[in-house]
Amino acid sequence: MTLFGLEITLDLILYTGAFGLIVIGAAGIVLAHHLFRVILALAIAEAGANLLLVLSGYRWDAIAPILSGSESAAPMVDPVPQAMVLTAIVIGVGVQALAVGLAMQVKKTYGTLDMSAIRQRLEADIAGTAGIATTGSQDAPLGERPLPPADAVPVTPGSSAR
Amino acid sequence: MNQIVLIVVLPLLAAFLVPIVARMSASLGAALGPLVMGVCLWITGTVAIESAGNAFAINIGGFMPPLGITFFVDRLALLFAFLTALLVLVLWPFQGEHRPREHALTLILAAASGGLALSGDLFNIYVFYELVSVASFGLVATGRRSSAPAIRYLILSGFGSVLALVGIALVYTQTGTLNLAHLSQLAPTHLINPIGLAAFALILLGVGVKAELFPVNTWVPEVYATAPNRVSALLAGLVSKLAALVILRLLVLVFAQEQALLVMLLLGLLGVITGELAAWRAQDMNRMLAYSSIGQLGMVFVAFSIPGETGVFAGLAIALHHLVVKPALFLLAARWGGALSGLAGAAGGNLPAALLFTLFALSLVGVPPLPGFWAKLLLVMGLAEQVGPLYHFALAGILIATVVEANYLFRIVSTLFHRDSPASPAPQKHSGGDIATAGLFGASLIAAVLLLIPLSQSLKTIAQQTADAAAYRAVVTLAPTTSTLGDTQ
């Protein structure tokens with residue numbers, strides 16, 4: 001079977017699938033609003049990368065790379081990517097657990113898991129801690145900016161540059 | 001000289017012991033971490049003296065490369081292992097109540113950083129990099145308000161790791177090995193092609209998250225603004241340099257092609273320009289320092305994109321300078337974290353801090369004879385020697401960025417020394433420990449001025465050794481047959 005001149009093999013389908021998972025994950029991270037969905041999207045992207053890694057060392061005509069006492073003539077699957085994927089999966093699980101824990105913390109602090117709401121609160125929080133007026137004074141169009149009171153004197157020589 | 005492995009093993013072991021020991025005896029638990037870091041410092045020092053600058057490789061468990069785990073120890077690796085132990089010790093959270101979790105995470109960070117400096121194989125680099133990541137997420141989250149920045153950092157960094165893993169998979173499909181020396185041997189025939197470039201770009205973006213590389217550095221301002229200042233100092237001073245070190249190793253050994261250098265030059269230059277402009281616009285101290293850190297790291301990448309020893313020399317000089325200056329500035333920002341305009345006249349209440357800030361600001365901008373000037377001079381001269389419009393464009397970009405940098409840093413200095421008594425309440429005084437630590441960094445900066453010639457000479461030797469890929473290959477002896485299993489010594 002061919003499609004657009006490419007012969008469709010199991011390999012091709014699997015590689016497409018692996019890259020597809022990564023793309024789905026990336027899209028999820030960028031587009032999802034709910035924090036938990038973002039974490040799931042990260043997990044999907046990691047699964048794609050792991051699948052890609054397994055595929056890079058896989059052979060269909062080979063046996064599992066386990067040395068038993070009797071030497072067999074059959075070729076073996078490359079064990080290095082499999083060992084790497086095991087490590088990567090373990091790391092991924094650890095990071096996801098940490099992410100879920102942090103998400104709980106975020107929910108406690110901000111009362112929401114909506115990414116854009118969190119981001120807004122975060123900006124306001126940082127600016128509030130620093131003691132800066134928040135209402136978009138940098139990005140608002142010039143005309144809408146409140147004029148300073150007439151008797152205000154610039155505090156520093158530098159601040160008049162803005 | 002195999003004891004160098006201990007600088008990874010001991011902190012890891014201690015990290016898991018700290019919570020247990022702290023339960024039995026609080027003071028012993030609090031002393032364990034600094035003690036172990038002190039031992040690491042001593043081990044690194046003795047190995048550096050013993051090896052006398054000659055590179056050597058350690059095959060852990062006796063498995064010959066490319067199988068097994070290889071640690072490659074040369075001057076650069078030892079330098080960064082030493083600086084890791086030193087910086088962790090100097091920035092150790094001595095003050096405040098003893099929190100075992102924080103100590104454990106710092107120890108894990110130290111162990112993984114040592115591992116990153118020594119690792120001679122791509123997959124171990126990935127594992128240590130992830131370990132650094134997880135430890136730094138935990139450390140960032142210890143701040144009172146930093147759970148949201150921590151999770152945003154985690155997601156970006158996690159996606160970066162996925163990209164790096166795909167890059168590693170691409171390298172493996174092309175070459176069938178992950179050992180850096182073996183890769184370096186195979187690279188000219190297998191990786192100097194578009195797939196190799198794609199792999200490099202993916203790994204660069206992945207590792208670049210920690211190195212504050214241009215498109216993947218959105219976490220920097222919010223994390224540095226909310227994390228405890230000692231953690232910001234560690235991340236900006238140490239972790240970013242280790243990520244840059246990994247990229248340097250890969251660039252020299254594996255991806256030594258012109259397009260890879262151009263990709264790095266472009267991303268670095270964008271980092272310099274965006275970072276410095278954002279710092280110019282920033283209204284509070286922490287975020288200004290964060291953006292300026294992006295700019296400085298961008299300069300490191302621009303320097304590394306100059307081919308050969310010149311680039312390595314300049315990049316290392318800028319990176320080491322930043323490693324001394326930025327942690328000290330973050331310590332000073334601990335009490336000056338508010339709006340910049342609120343700092344008017346702050347020097348009156350706290351002259352030592354203001355003088356230290358001025359010293360670091362002058363050095364960052366590059367006023368002779370401070371070390372920052374010589375580092376920038378090396379970069380500018382290196383760029384000027386290159387042919388090609390992009391390099392000269394970068395040269396112009398760096399000079400303009402320096403002007404911007406001078407503008408915002410001197411603006412703060414003049415605010416600090418403002419005569420009129422401020423209307424707002426004066427900022428708090430610094431804690432004695434912060435000032436003392438920042439003074440230590442300041443003293444080392446002055447010492448660097450006095451010892452400029454020997455320092456630059458030894459840095460040049462380090463750069464020479466680092467840029468020599470053939471020497472690296474010669475040190476790591478590869479097993480004669482690489483295709484069979486069980487090829488143990």
# chains A, B, ... in the order shown; residues from 1 in each chain; ligands from 1
$ residues_around --residues "Val475 (chain B)" --least-positions-apart "5" --cutoff "9 Å" --atoms "only C-alpha atoms" --output "MDAnalysis selection string"
chainID B and resid 55:57 72 181 470
$ write_last_selection --atoms "C-alpha atoms" --output "tab-separated table (two decimals), in the first residue's frame"
chain	number	residue	atom	x	y	z
B	55	ALA	CA	42.85	15.22	31.38
B	56	PHE	CA	41.85	11.71	32.34
B	57	ALA	CA	38.76	9.55	32.06
B	72	PHE	CA	35.78	12.91	31.73
B	181	ALA	CA	34.33	10.66	22.57
B	470	ALA	CA	41.30	15.40	19.28
$ closest_atom_pairs --of "chain B" --to "chain A" --cutoff "8 Å" --atoms "only C-alpha atoms" --output "Markdown table"
| residue | atom | partner | partner_atom | distance |
| --- | --- | --- | --- | --- |
| B:Phe123 | CA | A:Met84 | CA | 7.4 |
| B:Val127 | CA | A:Thr87 | CA | 7.9 |
| B:Glu130 | CA | A:Ile91 | CA | 7.3 |
| B:Val134 | CA | A:Val95 | CA | 6.8 |
| B:Ala141 | CA | A:Leu102 | CA | 7.9 |
| B:Arg145 | CA | A:Thr109 | CA | 7.9 |
| B:Ser147 | CA | A:Val106 | CA | 5.6 |
| B:Ala148 | CA | A:Val106 | CA | 5.7 |
| B:Pro149 | CA | A:Leu122 | CA | 7.7 |
| B:Ala150 | CA | A:Leu102 | CA | 7.6 |
| B:Ile151 | CA | A:Leu102 | CA | 6.2 |
| B:Leu154 | CA | A:Ala99 | CA | 7.1 |
| B:Ile155 | CA | A:Leu42 | CA | 7.1 |
| B:Gly158 | CA | A:Leu42 | CA | 7.0 |
| B:Phe159 | CA | A:Leu42 | CA | 6.5 |
| B:Val162 | CA | A:Glu46 | CA | 5.7 |
| B:Leu163 | CA | A:Ala49 | CA | 7.8 |
| B:Leu165 | CA | A:Ala49 | CA | 6.4 |
| B:Val166 | CA | A:Ala49 | CA | 5.6 |
| B:Ala169 | CA | A:Leu53 | CA | 5.2 |
| B:Leu170 | CA | A:Ser56 | CA | 7.9 |
| B:Tyr172 | CA | A:Ser56 | CA | 7.2 |
| B:Thr173 | CA | A:Ser56 | CA | 5.4 |
| B:Glu222 | CA | A:Ile126 | CA | 7.6 |
| B:Ala225 | CA | A:Ile126 | CA | 6.8 |
| B:Thr226 | CA | A:Ile126 | CA | 7.0 |
| B:Gln283 | CA | A:Ile132 | CA | 7.3 |
| B:Asp284 | CA | A:Ala130 | CA | 6.1 |
| B:Gly337 | CA | A:Ala130 | CA | 6.4 |
| B:Gly338 | CA | A:Ala130 | CA | 3.9 |
| B:Ala339 | CA | A:Ala130 | CA | 5.1 |
| B:Ser341 | CA | A:Thr156 | CA | 7.0 |
| B:Ala344 | CA | A:Thr156 | CA | 7.0 |
| B:Arg411 | CA | A:Gly158 | CA | 5.5 |
| B:Thr415 | CA | A:Thr156 | CA | 6.1 |
| B:His418 | CA | A:Thr156 | CA | 7.4 |
| B:Pro422 | CA | A:Val155 | CA | 7.9 |
$ write_last_selection --atoms "N, CA and C atoms" --output "mmCIF file, in the first residue's frame"
data_model
loop_
_atom_site.group_PDB
_atom_site.id
_atom_site.type_symbol
_atom_site.label_atom_id
_atom_site.label_comp_id
_atom_site.auth_asym_id
_atom_site.auth_seq_id
_atom_site.Cartn_x
_atom_site.Cartn_y
_atom_site.Cartn_z
ATOM 1 N N PHE B 123 23.698 10.521 27.525
ATOM 2 C CA PHE B 123 22.529 10.152 28.311
ATOM 3 C C PHE B 123 22.706 10.489 29.785
ATOM 4 N N VAL B 127 20.374 12.670 32.291
ATOM 5 C CA VAL B 127 19.893 12.264 33.612
ATOM 6 C C VAL B 127 20.279 13.308 34.662
ATOM 7 N N GLU B 130 18.179 16.391 34.335
ATOM 8 C CA GLU B 130 16.846 16.245 34.919
ATOM 9 C C GLU B 130 16.911 16.341 36.435
ATOM 10 N N VAL B 134 14.807 18.896 38.721
ATOM 11 C CA VAL B 134 13.866 18.558 39.786
ATOM 12 C C VAL B 134 14.281 19.244 41.079
ATOM 13 N N ALA B 141 10.189 26.293 44.739
ATOM 14 C CA ALA B 141 8.888 26.211 45.398
ATOM 15 C C ALA B 141 8.981 26.433 46.904
ATOM 16 N N ARG B 145 5.619 32.598 47.871
ATOM 17 C CA ARG B 145 4.615 32.813 46.832
ATOM 18 C C ARG B 145 5.023 32.168 45.525
ATOM 19 N N SER B 147 4.779 29.038 44.174
ATOM 20 C CA SER B 147 4.285 27.788 43.596
ATOM 21 C C SER B 147 3.885 27.968 42.136
ATOM 22 N N ALA B 148 3.279 29.104 41.803
ATOM 23 C CA ALA B 148 2.860 29.310 40.409
ATOM 24 C C ALA B 148 4.063 29.465 39.469
ATOM 25 N N PRO B 149 5.067 30.294 39.819
ATOM 26 C CA PRO B 149 6.255 30.329 38.958
ATOM 27 C C PRO B 149 6.931 28.969 38.862
ATOM 28 N N ALA B 150 6.939 28.227 39.977
ATOM 29 C CA ALA B 150 7.606 26.929 39.953
ATOM 30 C C ALA B 150 6.930 26.004 38.956
ATOM 31 N N ILE B 151 5.598 26.007 38.918
ATOM 32 C CA ILE B 151 4.949 25.055 38.004
ATOM 33 C C ILE B 151 5.072 25.525 36.562
ATOM 34 N N LEU B 154 8.398 24.423 35.648
ATOM 35 C CA LEU B 154 8.431 22.972 35.480
ATOM 36 C C LEU B 154 7.908 22.565 34.107
ATOM 37 N N ILE B 155 6.813 23.200 33.675
ATOM 38 C CA ILE B 155 6.219 22.791 32.399
ATOM 39 C C ILE B 155 7.148 23.149 31.237
ATOM 40 N N GLY B 158 10.086 20.862 31.472
ATOM 41 C CA GLY B 158 9.706 19.505 31.092
ATOM 42 C C GLY B 158 9.606 19.361 29.591
ATOM 43 N N PHE B 159 9.030 20.365 28.927
ATOM 44 C CA PHE B 159 8.943 20.289 27.475
ATOM 45 C C PHE B 159 10.327 20.398 26.844
ATOM 46 N N VAL B 162 11.791 17.065 26.832
ATOM 47 C CA VAL B 162 11.267 16.232 25.739
ATOM 48 C C VAL B 162 12.020 16.540 24.449
ATOM 49 N N LEU B 163 12.223 17.835 24.177
ATOM 50 C CA LEU B 163 12.952 18.214 22.955
ATOM 51 C C LEU B 163 14.367 17.646 22.983
ATOM 52 N N LEU B 165 15.418 15.082 24.569
ATOM 53 C CA LEU B 165 15.364 13.622 24.416
ATOM 54 C C LEU B 165 15.185 13.250 22.949
ATOM 55 N N VAL B 166 14.341 13.996 22.231
ATOM 56 C CA VAL B 166 14.164 13.729 20.793
ATOM 57 C C VAL B 166 15.497 13.978 20.077
ATOM 58 N N ALA B 169 17.639 11.067 20.710
ATOM 59 C CA ALA B 169 17.194 9.929 19.899
ATOM 60 C C ALA B 169 17.681 10.080 18.462
ATOM 61 N N LEU B 170 17.629 11.306 17.926
ATOM 62 C CA LEU B 170 18.105 11.534 16.557
ATOM 63 C C LEU B 170 19.602 11.217 16.460
ATOM 64 N N TYR B 172 21.240 9.214 18.307
ATOM 65 C CA TYR B 172 21.435 7.769 18.435
ATOM 66 C C TYR B 172 21.078 7.040 17.147
ATOM 67 N N THR B 173 20.010 7.469 16.461
ATOM 68 C CA THR B 173 19.670 6.788 15.203
ATOM 69 C C THR B 173 20.770 7.003 14.166
ATOM 70 N N GLU B 222 9.940 35.679 36.368
ATOM 71 C CA GLU B 222 8.984 35.391 37.446
ATOM 72 C C GLU B 222 9.595 34.502 38.520
ATOM 73 N N ALA B 225 11.966 36.622 40.595
ATOM 74 C CA ALA B 225 11.283 37.636 41.394
ATOM 75 C C ALA B 225 10.625 37.033 42.620
ATOM 76 N N THR B 226 10.289 35.727 42.583
ATOM 77 C CA THR B 226 9.534 35.160 43.694
ATOM 78 C C THR B 226 10.323 34.146 44.513
ATOM 79 N N GLN B 283 11.015 47.621 36.472
ATOM 80 C CA GLN B 283 10.795 48.613 37.524
ATOM 81 C C GLN B 283 11.153 48.100 38.898
ATOM 82 N N ASP B 284 11.494 46.836 39.014
ATOM 83 C CA ASP B 284 11.915 46.370 40.330
ATOM 84 C C ASP B 284 13.238 45.621 40.201
ATOM 85 N N GLY B 337 14.501 44.565 47.211
ATOM 86 C CA GLY B 337 13.706 43.933 46.158
ATOM 87 C C GLY B 337 12.561 44.782 45.648
ATOM 88 N N GLY B 338 12.236 45.858 46.308
ATOM 89 C CA GLY B 338 11.068 46.633 45.917
ATOM 90 C C GLY B 338 11.266 47.420 44.640
ATOM 91 N N ALA B 339 10.380 48.371 44.432
ATOM 92 C CA ALA B 339 10.471 49.202 43.233
ATOM 93 C C ALA B 339 11.787 49.979 43.242
ATOM 94 N N SER B 341 12.389 52.932 42.249
ATOM 95 C CA SER B 341 12.293 54.332 42.675
ATOM 96 C C SER B 341 12.284 54.441 44.195
ATOM 97 N N ALA B 344 15.657 55.442 46.542
ATOM 98 C CA ALA B 344 16.314 56.755 46.568
ATOM 99 C C ALA B 344 16.973 57.002 47.911
ATOM 100 N N ARG B 411 21.689 54.366 36.389
ATOM 101 C CA ARG B 411 20.483 55.010 36.894
ATOM 102 C C ARG B 411 20.220 54.557 38.334
ATOM 103 N N THR B 415 20.414 56.618 41.841
ATOM 104 C CA THR B 415 19.279 56.626 42.769
ATOM 105 C C THR B 415 19.749 56.302 44.180
ATOM 106 N N HIS B 418 21.329 59.177 45.912
ATOM 107 C CA HIS B 418 20.573 60.411 45.802
ATOM 108 C C HIS B 418 20.629 61.169 47.121
ATOM 109 N N PRO B 422 14.552 60.670 51.106
ATOM 110 C CA PRO B 422 13.427 60.127 50.353
ATOM 111 C C PRO B 422 12.111 60.329 51.076
#
$ atom_distance --atom1 "CA of Ala406 (chain B)" --atom2 "CA of Leu248 (chain B)"
28.3 Å
$ atom_distance --atom1 "CA of Arg99 (chain B)" --atom2 "CA of Phe128 (chain B)"
24.2 Å
$ residues_around --residues "Ala353 (chain B)" --least-positions-apart "4" --cutoff "8 Å" --atoms "only C-alpha atoms" --output "list in words"
Leu332, Ala347, Phe357, His430 and Ile435 of chain B
$ closest_residue --among "A:Ala64, A:Val77, A:Val23, A:Leu31" --to "Ile44 (chain A)" --atoms "only C-alpha atoms"
A:Val23
$ atom_distance --atom1 "CA of Glu102 (chain B)" --atom2 "CA of Gly138 (chain B)"
8.2 Å
$ select_by_dssp --residues "region 5-108 of chain A" --states "helix (DSSP H, G or I)" --output "NGL selection string"
:A and (10-31 or 35-56 or 79-108)
$ closest_residue --among "B:Thr177, B:Ser146, B:Ser293, B:Asn286" --to "Asn217 (chain B)" --atoms "only C-alpha atoms"
B:Ser293
$ closest_residue --among "B:Ala260, B:Ala436, B:Ala227, B:Val239" --to "Ala201 (chain B)" --atoms "only C-alpha atoms"
B:Ala260
$ residues_around --residues "Val380 (chain B)" --least-positions-apart "3" --cutoff "9 Å" --atoms "only C-alpha atoms" --output "PDB file with C-alpha atoms, in the first residue's frame"
ATOM      1  CA  ALA B 303      31.083  34.087  22.486  1.00  0.00           C
ATOM      2  CA  ALA B 314      35.879  34.738  25.771  1.00  0.00           C
ATOM      3  CA  ALA B 375      35.823  39.647  29.515  1.00  0.00           C
ATOM      4  CA  LYS B 376      33.877  41.926  27.187  1.00  0.00           C
ATOM      5  CA  LEU B 377      37.066  43.006  25.437  1.00  0.00           C
ATOM      6  CA  LEU B 383      33.945  38.976  17.061  1.00  0.00           C
ATOM      7  CA  ALA B 384      35.956  41.591  15.205  1.00  0.00           C
ATOM      8  CA  GLU B 385      38.419  38.957  13.978  1.00  0.00           C
ATOM      9  CA  LEU B 395      29.535  43.058  17.528  1.00  0.00           C
ATOM     10  CA  ILE B 398      26.829  43.818  21.930  1.00  0.00           C
ATOM     11  CA  LEU B 399      28.165  47.362  21.985  1.00  0.00           C
TER      12      LEU B 399
END
$ residues_around --residues "Asn54 (chain B)" --least-positions-apart "6" --cutoff "10 Å" --atoms "only C-alpha atoms" --output "number ranges by chain"
B: 48, 73-75, 465, 475
$ residues_around --residues "Ile462 (chain B)" --least-positions-apart "4" --cutoff "7 Å" --atoms "only C-alpha atoms" --output "count of residues only"
4
$ residues_around --residues "Leu116 (chain B)" --least-positions-apart "3" --cutoff "9 Å" --atoms "only C-alpha atoms" --output "CSV table (one decimal) with C-alpha atoms, in the first residue's frame"
chain,number,residue,atom,x,y,z
B,77,ALA,CA,35.4,20.0,34.4
B,81,ALA,CA,33.2,21.0,39.9
B,111,ALA,CA,25.6,16.4,43.2
B,112,ALA,CA,23.8,16.7,39.9
B,113,SER,CA,25.8,19.8,39.0
B,119,SER,CA,29.8,13.5,32.5
B,120,GLY,CA,31.3,12.2,29.3
B,124,ASN,CA,24.1,10.8,31.7
B,125,ILE,CA,24.1,14.4,30.8
B,126,TYR,CA,20.4,14.1,30.3
B,127,VAL,CA,19.9,12.3,33.6
B,128,PHE,CA,22.0,14.7,35.6
B,129,TYR,CA,20.2,17.6,33.9
B,132,VAL,CA,19.3,19.5,38.5
B,242,LEU,CA,26.5,24.3,33.8
B,243,ALA,CA,23.9,24.2,31.1
B,245,LEU,CA,29.0,24.1,29.7
B,246,VAL,CA,27.0,21.2,28.4
$ decode --residues "region 371-401 of chain B" --atoms "N, CA and C atoms" --output "PDB file, in the first residue's frame"
ATOM      1  N   PRO B 371      37.236  43.141  36.029  1.00  0.00           N
ATOM      2  CA  PRO B 371      37.268  41.945  35.179  1.00  0.00           C
ATOM      3  C   PRO B 371      36.227  41.947  34.070  1.00  0.00           C
ATOM      4  N   GLY B 372      35.063  42.563  34.340  1.00  0.00           N
ATOM      5  CA  GLY B 372      34.019  42.583  33.322  1.00  0.00           C
ATOM      6  C   GLY B 372      34.481  43.238  32.033  1.00  0.00           C
ATOM      7  N   PHE B 373      35.372  44.225  32.178  1.00  0.00           N
ATOM      8  CA  PHE B 373      35.896  44.915  30.988  1.00  0.00           C
ATOM      9  C   PHE B 373      36.720  43.951  30.149  1.00  0.00           C
ATOM     10  N   TRP B 374      37.621  43.190  30.820  1.00  0.00           N
ATOM     11  CA  TRP B 374      38.501  42.300  30.053  1.00  0.00           C
ATOM     12  C   TRP B 374      37.696  41.192  29.386  1.00  0.00           C
ATOM     13  N   ALA B 375      36.653  40.700  30.101  1.00  0.00           N
ATOM     14  CA  ALA B 375      35.823  39.647  29.515  1.00  0.00           C
ATOM     15  C   ALA B 375      35.136  40.152  28.254  1.00  0.00           C
ATOM     16  N   LYS B 376      34.578  41.381  28.348  1.00  0.00           N
ATOM     17  CA  LYS B 376      33.877  41.926  27.187  1.00  0.00           C
ATOM     18  C   LYS B 376      34.855  42.245  26.059  1.00  0.00           C
ATOM     19  N   LEU B 377      36.057  42.689  26.450  1.00  0.00           N
ATOM     20  CA  LEU B 377      37.066  43.006  25.437  1.00  0.00           C
ATOM     21  C   LEU B 377      37.425  41.757  24.631  1.00  0.00           C
ATOM     22  N   LEU B 378      37.591  40.638  25.339  1.00  0.00           N
ATOM     23  CA  LEU B 378      37.898  39.383  24.647  1.00  0.00           C
ATOM     24  C   LEU B 378      36.808  39.047  23.634  1.00  0.00           C
ATOM     25  N   LEU B 379      35.542  39.228  24.068  1.00  0.00           N
ATOM     26  CA  LEU B 379      34.418  38.917  23.189  1.00  0.00           C
ATOM     27  C   LEU B 379      34.425  39.830  21.970  1.00  0.00           C
ATOM     28  N   VAL B 380      34.599  41.122  22.216  1.00  0.00           N
ATOM     29  CA  VAL B 380      34.541  42.089  21.124  1.00  0.00           C
ATOM     30  C   VAL B 380      35.682  41.843  20.137  1.00  0.00           C
ATOM     31  N   MET B 381      36.877  41.553  20.681  1.00  0.00           N
ATOM     32  CA  MET B 381      38.008  41.303  19.782  1.00  0.00           C
ATOM     33  C   MET B 381      37.810  40.022  18.992  1.00  0.00           C
ATOM     34  N   GLY B 382      37.255  39.006  19.674  1.00  0.00           N
ATOM     35  CA  GLY B 382      36.983  37.743  18.986  1.00  0.00           C
ATOM     36  C   GLY B 382      35.997  37.937  17.847  1.00  0.00           C
ATOM     37  N   LEU B 383      34.954  38.743  18.093  1.00  0.00           N
ATOM     38  CA  LEU B 383      33.945  38.976  17.061  1.00  0.00           C
ATOM     39  C   LEU B 383      34.531  39.775  15.906  1.00  0.00           C
ATOM     40  N   ALA B 384      35.399  40.731  16.248  1.00  0.00           N
ATOM     41  CA  ALA B 384      35.956  41.591  15.205  1.00  0.00           C
ATOM     42  C   ALA B 384      36.876  40.806  14.271  1.00  0.00           C
ATOM     43  N   GLU B 385      37.506  39.752  14.815  1.00  0.00           N
ATOM     44  CA  GLU B 385      38.419  38.957  13.978  1.00  0.00           C
ATOM     45  C   GLU B 385      37.669  38.128  12.941  1.00  0.00           C
ATOM     46  N   GLN B 386      36.396  37.808  13.214  1.00  0.00           N
ATOM     47  CA  GLN B 386      35.668  36.918  12.320  1.00  0.00           C
ATOM     48  C   GLN B 386      35.252  37.648  11.054  1.00  0.00           C
ATOM     49  N   VAL B 387      35.188  36.900   9.963  1.00  0.00           N
ATOM     50  CA  VAL B 387      34.621  37.488   8.762  1.00  0.00           C
ATOM     51  C   VAL B 387      33.171  37.059   8.671  1.00  0.00           C
ATOM     52  N   GLY B 388      32.388  37.830   8.001  1.00  0.00           N
ATOM     53  CA  GLY B 388      30.975  37.501   7.873  1.00  0.00           C
ATOM     54  C   GLY B 388      30.150  38.585   8.523  1.00  0.00           C
ATOM     55  N   PRO B 389      29.089  39.008   7.817  1.00  0.00           N
ATOM     56  CA  PRO B 389      28.300  40.141   8.302  1.00  0.00           C
ATOM     57  C   PRO B 389      27.622  39.871   9.637  1.00  0.00           C
ATOM     58  N   LEU B 390      27.225  38.605   9.875  1.00  0.00           N
ATOM     59  CA  LEU B 390      26.473  38.314  11.093  1.00  0.00           C
ATOM     60  C   LEU B 390      27.327  38.567  12.326  1.00  0.00           C
ATOM     61  N   TYR B 391      28.619  38.224  12.237  1.00  0.00           N
ATOM     62  CA  TYR B 391      29.498  38.440  13.384  1.00  0.00           C
ATOM     63  C   TYR B 391      29.655  39.931  13.670  1.00  0.00           C
ATOM     64  N   HIS B 392      29.777  40.723  12.601  1.00  0.00           N
ATOM     65  CA  HIS B 392      29.941  42.160  12.817  1.00  0.00           C
ATOM     66  C   HIS B 392      28.658  42.789  13.321  1.00  0.00           C
ATOM     67  N   PHE B 393      27.528  42.226  12.840  1.00  0.00           N
ATOM     68  CA  PHE B 393      26.229  42.659  13.340  1.00  0.00           C
ATOM     69  C   PHE B 393      26.145  42.382  14.838  1.00  0.00           C
ATOM     70  N   ALA B 394      26.620  41.180  15.221  1.00  0.00           N
ATOM     71  CA  ALA B 394      26.610  40.815  16.634  1.00  0.00           C
ATOM     72  C   ALA B 394      27.480  41.761  17.440  1.00  0.00           C
ATOM     73  N   LEU B 395      28.620  42.127  16.852  1.00  0.00           N
ATOM     74  CA  LEU B 395      29.535  43.058  17.528  1.00  0.00           C
ATOM     75  C   LEU B 395      28.825  44.372  17.834  1.00  0.00           C
ATOM     76  N   ALA B 396      28.111  44.874  16.809  1.00  0.00           N
ATOM     77  CA  ALA B 396      27.382  46.129  17.007  1.00  0.00           C
ATOM     78  C   ALA B 396      26.308  45.945  18.069  1.00  0.00           C
ATOM     79  N   GLY B 397      25.610  44.803  17.993  1.00  0.00           N
ATOM     80  CA  GLY B 397      24.553  44.530  18.968  1.00  0.00           C
ATOM     81  C   GLY B 397      25.091  44.533  20.385  1.00  0.00           C
ATOM     82  N   ILE B 398      26.253  43.912  20.580  1.00  0.00           N
ATOM     83  CA  ILE B 398      26.829  43.818  21.930  1.00  0.00           C
ATOM     84  C   ILE B 398      27.194  45.214  22.433  1.00  0.00           C
ATOM     85  N   LEU B 399      27.758  46.023  21.545  1.00  0.00           N
ATOM     86  CA  LEU B 399      28.165  47.362  21.985  1.00  0.00           C
ATOM     87  C   LEU B 399      26.947  48.202  22.361  1.00  0.00           C
ATOM     88  N   ILE B 400      25.886  48.097  21.540  1.00  0.00           N
ATOM     89  CA  ILE B 400      24.669  48.850  21.866  1.00  0.00           C
ATOM     90  C   ILE B 400      24.083  48.353  23.178  1.00  0.00           C
ATOM     91  N   ALA B 401      24.083  47.018  23.360  1.00  0.00           N
ATOM     92  CA  ALA B 401      23.542  46.449  24.593  1.00  0.00           C
ATOM     93  C   ALA B 401      24.326  46.960  25.799  1.00  0.00           C
TER      94      ALA B 401
END
